[in-house]
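A.B. asks: mmCIF, C-alpha atoms, file coords38.cif:
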```cif
data_entry
loop_
_atom_site.label_atom_id
_atom_site.label_comp_id
_atom_site.auth_asym_id
_atom_site.auth_seq_id
_atom_site.Cartn_x
_atom_site.Cartn_y
_atom_site.Cartn_z
CA MET H 1 126.77 80.20 87.65
CA ARG H 2 124.13 79.90 90.35
CA GLU H 3 126.75 78.60 92.79
CA VAL H 4 129.26 81.28 91.78
CA LEU H 5 126.73 84.04 92.41
CA ALA H 6 125.62 82.54 95.73
CA GLN H 7 129.21 82.21 96.91
CA ALA H 8 130.05 85.79 95.89
CA ALA H 9 126.94 87.09 97.63
CA PHE H 10 127.59 85.25 100.85
CA GLN H 11 131.23 86.34 101.02
CA LEU H 12 130.12 89.96 100.70
CA PHE H 13 127.38 89.53 103.29
CA LEU H 14 129.99 88.28 105.77
CA GLU H 15 132.50 90.99 104.90
CA ARG H 16 130.24 94.04 104.64
CA GLY H 17 126.97 93.00 106.17
CA PHE H 18 123.77 92.07 104.38
CA GLU H 19 122.21 95.53 104.31
CA ARG H 20 125.34 97.23 102.96
CA THR H 21 125.74 94.75 100.09
CA THR H 22 123.97 95.51 96.81
CA VAL H 23 123.25 93.37 93.79
CA ASP H 24 125.79 95.47 91.90
CA ASP H 25 128.40 94.51 94.48
CA ILE H 26 127.56 90.84 94.06
CA VAL H 27 127.76 90.79 90.26
CA ALA H 28 131.01 92.77 90.37
CA ARG H 29 132.52 90.17 92.71
CA ALA H 30 131.25 87.33 90.53
CA GLY H 31 132.38 89.04 87.30
CA VAL H 32 128.99 88.92 85.59
CA GLY H 33 126.20 91.35 84.70
CA ARG H 34 123.01 92.18 86.63
CA ARG H 35 120.94 90.23 84.12
CA SER H 36 122.81 87.06 85.06
CA PHE H 37 122.04 87.59 88.73
CA PHE H 38 118.30 88.05 88.22
CA ARG H 39 118.18 85.04 85.92
CA TYR H 40 118.95 82.89 88.95
CA PHE H 41 117.74 84.92 91.94
CA PRO H 42 114.74 87.26 92.22
CA SER H 43 116.43 89.13 95.08
CA LYS H 44 119.58 89.12 97.18
CA GLU H 45 117.63 87.34 99.95
CA ASP H 46 117.22 84.38 97.61
CA ALA H 47 121.01 84.19 97.24
CA VAL H 48 121.28 83.38 100.97
CA PHE H 49 119.14 80.28 100.43
CA PRO H 50 120.26 79.00 97.01
CA ASP H 51 119.57 75.33 97.72
CA HIS H 52 115.99 75.35 98.97
CA GLU H 53 114.32 75.23 95.55
CA ARG H 54 116.24 72.08 94.69
CA CYS H 55 115.44 70.63 98.11
CA LEU H 56 111.72 71.36 97.72
CA ALA H 57 111.74 69.66 94.32
CA GLU H 58 113.49 66.61 95.78
CA MET H 59 111.00 66.47 98.65
CA THR H 60 108.06 66.65 96.24
CA GLU H 61 109.51 63.85 94.12
CA PHE H 62 110.17 61.70 97.20
CA LEU H 63 106.61 62.08 98.49
CA ALA H 64 105.12 61.34 95.07
CA ALA H 65 106.87 57.96 95.13
CA ALA H 66 105.96 57.14 98.76
CA ASP H 67 103.45 54.35 99.43
CA ASP H 68 100.31 54.71 101.55
CA SER H 69 101.30 52.40 104.40
CA ASP H 70 102.86 54.99 106.72
CA PRO H 71 102.06 58.61 105.79
CA VAL H 72 103.49 60.05 109.02
CA GLY H 73 106.71 58.12 108.46
CA ALA H 74 106.85 59.33 104.86
CA VAL H 75 106.66 63.02 105.75
CA SER H 76 109.18 62.49 108.56
CA ASP H 77 111.59 60.92 106.08
CA ALA H 78 110.92 63.77 103.64
CA ALA H 79 111.95 66.27 106.31
CA ARG H 80 115.31 64.51 106.57
CA ILE H 81 116.02 65.60 103.00
CA VAL H 82 116.27 69.16 104.33
CA LEU H 83 118.54 67.98 107.15
CA ARG H 84 120.91 66.29 104.72
CA MET H 85 121.08 69.49 102.67
CA TYR H 86 122.24 71.43 105.72
CA ALA H 87 124.60 68.68 106.89
CA ALA H 88 126.30 68.47 103.47
CA ASN H 89 128.02 71.83 104.08
CA PRO H 90 128.24 72.46 107.85
CA GLU H 91 130.41 75.59 107.61
CA PHE H 92 128.08 77.35 105.18
CA SER H 93 125.00 76.22 107.12
CA VAL H 94 126.33 77.57 110.43
CA GLN H 95 127.37 80.88 108.84
CA ARG H 96 123.97 81.24 107.21
CA TYR H 97 122.23 80.47 110.49
CA ARG H 98 124.21 83.18 112.27
CA LEU H 99 123.63 85.69 109.49
CA THR H 100 119.90 84.95 109.48
CA ARG H 101 119.72 85.55 113.24
CA GLU H 102 121.25 89.01 112.73
CA VAL H 103 119.09 90.24 109.84
CA PRO H 104 115.33 90.55 110.48
CA GLY H 105 114.54 90.50 106.76
CA LEU H 106 116.30 87.15 106.38
CA ARG H 107 114.41 85.69 109.33
CA THR H 108 111.15 86.67 107.64
CA TYR H 109 112.34 85.15 104.37
CA GLU H 110 113.36 81.96 106.16
CA LEU H 111 109.89 81.65 107.68
CA SER H 112 108.38 81.81 104.20
CA VAL H 113 110.69 79.00 103.07
CA VAL H 114 109.76 76.89 106.10
CA ARG H 115 106.09 77.45 105.33
CA ARG H 116 106.59 76.10 101.81
CA TYR H 117 108.08 72.89 103.22
CA GLU H 118 105.17 72.62 105.62
CA GLN H 119 102.64 73.08 102.81
CA THR H 120 104.36 70.39 100.75
CA LEU H 121 104.14 67.90 103.63
CA ALA H 122 100.53 68.87 104.40
CA GLY H 123 99.56 68.43 100.76
CA HIS H 124 100.88 64.86 100.79
CA LEU H 125 99.02 64.08 104.02
CA ARG H 126 95.74 65.54 102.75
CA SER H 127 95.96 63.19 99.77
CA ARG H 128 96.00 60.33 102.33
CA PHE H 129 93.63 61.65 105.02
CA GLY H 130 91.19 63.68 102.93
CA GLU H 131 90.88 67.27 101.75
CA ASP H 132 88.10 68.27 104.14
CA GLY H 133 87.13 68.15 107.80
CA ASP H 134 89.26 66.29 110.31
CA GLY H 135 91.37 64.74 107.55
CA ALA H 136 92.58 68.12 106.38
CA LEU H 137 93.02 69.31 109.97
CA ARG H 138 95.06 66.24 110.84
CA ALA H 139 97.25 66.78 107.77
CA GLU H 140 97.97 70.41 108.68
CA VAL H 141 98.74 69.66 112.33
CA ILE H 142 101.01 66.68 111.59
CA ALA H 143 102.90 68.66 108.95
CA ALA H 144 103.42 71.52 111.42
CA SER H 145 104.56 69.01 114.05
CA VAL H 146 107.11 67.43 111.70
CA VAL H 147 108.53 70.81 110.70
CA ALA H 148 108.73 72.01 114.32
CA ALA H 149 110.43 68.81 115.46
CA HIS H 150 112.89 68.83 112.56
CA ASN H 151 113.79 72.48 113.09
CA ASN H 152 114.27 72.02 116.81
CA GLY H 153 116.87 69.30 116.25
CA LEU H 154 118.50 71.14 113.34
CA ARG H 155 118.89 74.37 115.31
CA LEU H 156 120.46 72.55 118.24
CA TRP H 157 123.14 71.37 115.82
CA LEU H 158 123.55 74.79 114.20
CA ARG H 159 123.89 76.52 117.58
CA SER H 160 126.63 74.05 118.47
CA GLY H 161 128.64 75.29 115.48
CA GLY H 162 127.89 72.20 113.40
CA GLU H 163 129.58 69.81 115.82
CA GLY H 164 128.61 66.16 115.93
CA ASP H 165 125.90 64.29 114.06
CA PRO H 166 122.79 66.43 113.40
CA GLU H 167 120.67 63.35 112.75
CA VAL H 168 120.73 62.32 116.42
CA ALA H 169 118.63 65.24 117.68
CA VAL H 170 116.40 65.33 114.60
CA ASP H 171 115.72 61.59 114.72
CA HIS H 172 114.79 61.89 118.41
CA ALA H 173 112.37 64.75 117.72
CA LEU H 174 110.77 63.05 114.71
CA ALA H 175 110.39 59.80 116.65
CA LEU H 176 108.28 61.74 119.16
CA VAL H 177 106.03 63.00 116.38
CA ARG H 178 105.57 59.51 114.98
CA GLU H 179 104.82 58.11 118.43
CA VAL H 180 102.17 60.76 119.11
CA TRP H 181 100.39 60.57 115.76
CA ARG H 182 100.32 56.81 115.57
CA ARG H 183 98.21 56.72 118.73
CA PRO H 184 94.40 56.52 118.53
CA ALA H 185 92.96 59.88 117.54
CA ALA H 186 90.93 60.41 120.71
CA SER H 187 91.46 59.92 124.44
CA THR H 188 89.70 61.19 127.52
CA ALA H 189 91.18 64.14 129.39
CA PRO H 190 90.69 64.20 133.18
CA ALA H 191 87.93 66.52 134.33
CA ALA H 192 88.75 69.68 136.26
CA PRO H 193 86.34 71.28 138.74
CA GLY H 194 83.54 72.89 136.76
CA VAL H 195 84.84 71.53 133.45
CA SER H 196 83.48 68.42 131.76
CA ALA H 197 85.94 66.09 130.09
CA VAL H 198 85.96 66.03 126.29
CA PRO H 199 87.54 63.53 123.90
CA ALA H 200 90.85 64.94 122.81
CA ALA H 201 94.21 63.97 121.44
CA PRO H 202 97.08 64.42 123.89
CA VAL H 203 98.35 67.95 124.35
CA VAL H 204 102.00 67.50 123.47
CA PRO H 205 104.96 69.92 123.66
CA LEU H 206 106.64 69.01 120.38
CA ALA H 207 109.50 71.47 120.44
CA VAL H 208 111.16 74.13 122.52
CA SER H 209 113.51 76.22 120.43
CA GLY H 210 115.28 79.55 120.60
CA ASP H 211 117.94 81.20 122.68
CA GLY H 212 117.37 82.42 126.21
CA ASP H 213 114.33 84.64 126.45
CA GLY H 214 113.53 83.97 122.81
CA GLU H 215 112.46 80.36 123.35
CA VAL H 216 109.29 79.23 121.62
CA VAL H 217 107.13 76.31 122.77
CA VAL H 218 105.21 74.50 120.01
CA MET H 219 102.11 72.62 121.20
CA VAL H 220 99.63 70.35 119.44
CA ALA H 221 96.08 69.78 120.73
CA ARG H 222 92.80 68.69 119.21
CA LYS H 223 90.28 71.49 118.78
CA GLY H 224 88.00 71.52 121.82
CA THR H 225 90.67 70.48 124.32
CA PRO H 226 89.95 72.34 127.61
CA MET H 227 92.11 75.42 127.99
CA TRP H 228 93.16 74.38 131.49
CA ARG H 229 94.72 71.27 129.96
CA VAL H 230 96.64 73.26 127.33
CA VAL H 231 97.91 75.76 129.91
CA GLN H 232 98.92 72.91 132.23
CA GLN H 233 101.09 71.32 129.56
CA ILE H 234 102.63 74.64 128.49
CA GLU H 235 103.58 75.36 132.10
CA ALA H 236 105.10 71.90 132.40
CA ALA H 237 107.11 72.32 129.17
CA VAL H 238 108.41 75.74 130.16
CA GLY H 239 109.34 74.50 133.61
CA GLU H 240 111.30 71.57 132.20
CA ASN H 241 113.34 73.78 129.88
#
```
Give the structure from this file in structure tokens form.
C.D. replies:
Amino acid sequence: MREVLAQAAFQLFLERGFERTTVDDIVARAGVGRRSFFRYFPSKEDAVFPDHERCLAEMTEFLAAADDSDPVGAVSDAARIVLRMYAANPEFSVQRYRLTREVPGLRTYELSVVRRYEQTLAGHLRSRFGEDGDGALRAEVIAASVVAAHNNGLRLWLRSGGEGDPEVAVDHALALVREVWRRPAASTAPAAPGVSAVPAAPVVPLAVSGDGDGEVVVMVARKGTPMWRVVQQIEAAVGEN
């Protein structure tokens, strides 16, 4: 029934537009009552993303079974669960991506879903690195890096219309994350005139995503990194893309 309702909802969203489609329209198309709809979906926004709850549950189960030898690798592999969910139905995934780009409310909803994935990954990393101080900070930053890298590769594939193998771009992006966060935690940044060098992790442009003027650059830097260094790397990333 969940799949029937989601399919009916999405067909109507494509035919009439998201804003002009009501829950009553959806249940009429599916041939069920309103109570059935709300048993499965709290809102019509949830019907656009019917598979994320299952995916979050699978990710949580995967991380619970992961060993302690490579926490960054474990969360990178967990992110691929989301990729496989999208790749399993390319046509639906591409249509949903395009619909989400057109409806501001769906973009906001999508961000909340992404944040839940990020929190799940960060929770696993905190259990390995510690719940306080730099351990918790490292967990949050690595989780954000994994999500940004995964989404950059995924959106390249979605913008292409679902052509080719989505794992190629995602694997490349996640390999960068693993390379960065397997390095020693501190290095010495070169001093600028009037600025003393401080120990800092590399300032790394992990992802550039978006279309045209809407591109977003995601950076990672240790707290205390000189601002000139951060700005330098942002300028370099923007110039390259």
A.B. asks: Written as an MDAnalysis selection string, which residues does the PyMOL selection byres ((chain H and resi 9-18) around 10) give for the file shown?
C.D. replies: chainID H and resid 3:8 19:23 25:27 29:30 44:45 47:49 92 95:96 99:100 102:103 105:106
A.B. asks: Using Å and a single decimal, report how far CA of Tyr109 (chain H) sits from CA of Arg54 (chain H).
C.D. replies: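 Value for the CA of Arg54 (chain H)-CA of Tyr109 (chain H) distance: 16.7 Å.
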A.B. asks: Between CA of Val82 (chain H) and CA of Gly135 (chain H), what is the distance, to one decimal in Å?
C.D. replies: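 Answer for the CA of Val82 (chain H) to CA of Gly135 (chain H) separation: 25.5 Å.
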A.B. asks: Written as a VMD selection string, what is the full residue list that the PyMOL selection byres ((chain H and resi 126) around 9) yields on the file shown?
C.D. replies: chain H and resid 121 to 125 127 to 132 135 to 140
A.B. asks: Please produce an output containing C-alpha atoms for each residue in the selection, written as a CSV table (one decimal), keeping the file's coordinate frame.
C.D. replies:
```csv
chain,number,residue,atom,x,y,z
H,121,LEU,CA,104.1,67.9,103.6
H,122,ALA,CA,100.5,68.9,104.4
H,123,GLY,CA,99.6,68.4,100.8
H,124,HIS,CA,100.9,64.9,100.8
H,125,LEU,CA,99.0,64.1,104.0
H,127,SER,CA,96.0,63.2,99.8
H,128,ARG,CA,96.0,60.3,102.3
H,129,PHE,CA,93.6,61.6,105.0
H,130,GLY,CA,91.2,63.7,102.9
H,131,GLU,CA,90.9,67.3,101.8
H,132,ASP,CA,88.1,68.3,104.1
H,135,GLY,CA,91.4,64.7,107.6
H,136,ALA,CA,92.6,68.1,106.4
H,137,LEU,CA,93.0,69.3,110.0
H,138,ARG,CA,95.1,66.2,110.8
H,139,ALA,CA,97.2,66.8,107.8
H,140,GLU,CA,98.0,70.4,108.7
```
A.B. asks: Exactly which residues make up the result of the PyMOL selection byres ((chain H and resi 170) around 7) on this file, given as a PyMOL selection string?
C.D. replies: chain H and resi 149-150+153-154+166-169+171-174
A.B. asks: Rounded to one decimal, what separation in Å do you get between CA of Phe41 (chain H) and CA of Arg159 (chain H)?
C.D. replies: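 That distance, rounded to one decimal, is 27.7 Å.
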A.B. asks: Where atoms are absent from region 152-187 of chain H, fill them in so it carries N, CA and C atoms, then output it as a compact mmCIF listing (two decimals), keeping the file's coordinate frame.
C.D. replies:
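This went into part.txt:
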```txt
# COMPACT_ATOMS: atom_id res chain seq x y z
N ASN H 152 113.71 72.01 115.46
CA ASN H 152 114.27 72.02 116.81
C ASN H 152 115.60 71.27 116.85
N GLY H 153 115.64 70.06 116.27
CA GLY H 153 116.87 69.30 116.25
C GLY H 153 117.95 69.95 115.40
N LEU H 154 117.55 70.48 114.24
CA LEU H 154 118.50 71.14 113.34
C LEU H 154 119.14 72.35 114.01
N ARG H 155 118.35 73.16 114.70
CA ARG H 155 118.89 74.37 115.31
C ARG H 155 119.79 74.06 116.50
N LEU H 156 119.53 72.97 117.19
CA LEU H 156 120.46 72.55 118.24
C LEU H 156 121.84 72.32 117.65
N TRP H 157 121.86 71.66 116.49
CA TRP H 157 123.14 71.37 115.82
C TRP H 157 123.78 72.66 115.31
N LEU H 158 123.00 73.53 114.72
CA LEU H 158 123.55 74.79 114.20
C LEU H 158 124.11 75.66 115.32
N ARG H 159 123.41 75.71 116.45
CA ARG H 159 123.89 76.52 117.58
C ARG H 159 125.18 75.95 118.17
N SER H 160 125.40 74.66 117.97
CA SER H 160 126.63 74.05 118.47
C SER H 160 127.82 74.34 117.55
N GLY H 161 127.58 75.04 116.43
CA GLY H 161 128.64 75.29 115.48
C GLY H 161 128.81 74.18 114.48
N GLY H 162 127.81 73.30 114.35
CA GLY H 162 127.89 72.20 113.40
C GLY H 162 128.70 71.02 113.91
N GLU H 163 128.81 70.92 115.24
CA GLU H 163 129.58 69.81 115.82
C GLU H 163 128.71 68.57 115.96
N GLY H 164 129.31 67.42 115.72
CA GLY H 164 128.61 66.16 115.93
C GLY H 164 127.67 65.80 114.79
N ASP H 165 126.81 64.83 115.06
CA ASP H 165 125.90 64.29 114.06
C ASP H 165 124.52 64.95 114.22
N PRO H 166 124.08 65.75 113.25
CA PRO H 166 122.79 66.43 113.40
C PRO H 166 121.60 65.48 113.39
N GLU H 167 121.80 64.27 112.85
CA GLU H 167 120.67 63.35 112.75
C GLU H 167 120.22 62.84 114.11
N VAL H 168 121.09 62.86 115.11
CA VAL H 168 120.73 62.32 116.42
C VAL H 168 119.56 63.10 117.01
N ALA H 169 119.69 64.42 117.09
CA ALA H 169 118.63 65.24 117.68
C ALA H 169 117.38 65.24 116.80
N VAL H 170 117.56 65.29 115.49
CA VAL H 170 116.40 65.33 114.60
C VAL H 170 115.65 64.00 114.64
N ASP H 171 116.37 62.89 114.64
CA ASP H 171 115.72 61.59 114.72
C ASP H 171 114.93 61.45 116.02
N HIS H 172 115.49 61.95 117.12
CA HIS H 172 114.79 61.89 118.41
C HIS H 172 113.49 62.69 118.35
N ALA H 173 113.56 63.89 117.80
CA ALA H 173 112.37 64.75 117.72
C ALA H 173 111.32 64.15 116.80
N LEU H 174 111.73 63.62 115.65
CA LEU H 174 110.77 63.05 114.71
C LEU H 174 110.17 61.75 115.25
N ALA H 175 110.93 61.02 116.04
CA ALA H 175 110.39 59.80 116.65
C ALA H 175 109.24 60.16 117.60
N LEU H 176 109.36 61.29 118.28
CA LEU H 176 108.28 61.74 119.16
C LEU H 176 107.02 62.04 118.36
N VAL H 177 107.18 62.70 117.22
CA VAL H 177 106.03 63.00 116.38
C VAL H 177 105.35 61.71 115.92
N ARG H 178 106.14 60.77 115.47
CA ARG H 178 105.57 59.51 114.98
C ARG H 178 104.87 58.76 116.10
N GLU H 179 105.44 58.79 117.29
CA GLU H 179 104.82 58.11 118.43
C GLU H 179 103.46 58.74 118.75
N VAL H 180 103.41 60.07 118.76
CA VAL H 180 102.17 60.76 119.11
C VAL H 180 101.08 60.50 118.07
N TRP H 181 101.42 60.61 116.78
CA TRP H 181 100.39 60.57 115.76
C TRP H 181 100.07 59.17 115.28
N ARG H 182 100.74 58.18 115.83
CA ARG H 182 100.32 56.81 115.57
C ARG H 182 99.37 56.30 116.64
N ARG H 183 99.16 57.09 117.69
CA ARG H 183 98.21 56.72 118.73
C ARG H 183 96.78 56.89 118.21
N PRO H 184 95.80 56.27 118.91
CA PRO H 184 94.40 56.52 118.53
C PRO H 184 94.10 58.01 118.56
N ALA H 185 93.21 58.45 117.70
CA ALA H 185 92.96 59.88 117.54
C ALA H 185 92.34 60.53 118.75
N ALA H 186 91.63 59.78 119.59
CA ALA H 186 90.93 60.41 120.71
C ALA H 186 91.26 59.70 122.01
N SER H 187 91.31 60.46 123.09
CA SER H 187 91.46 59.92 124.44
C SER H 187 90.66 60.81 125.35
```
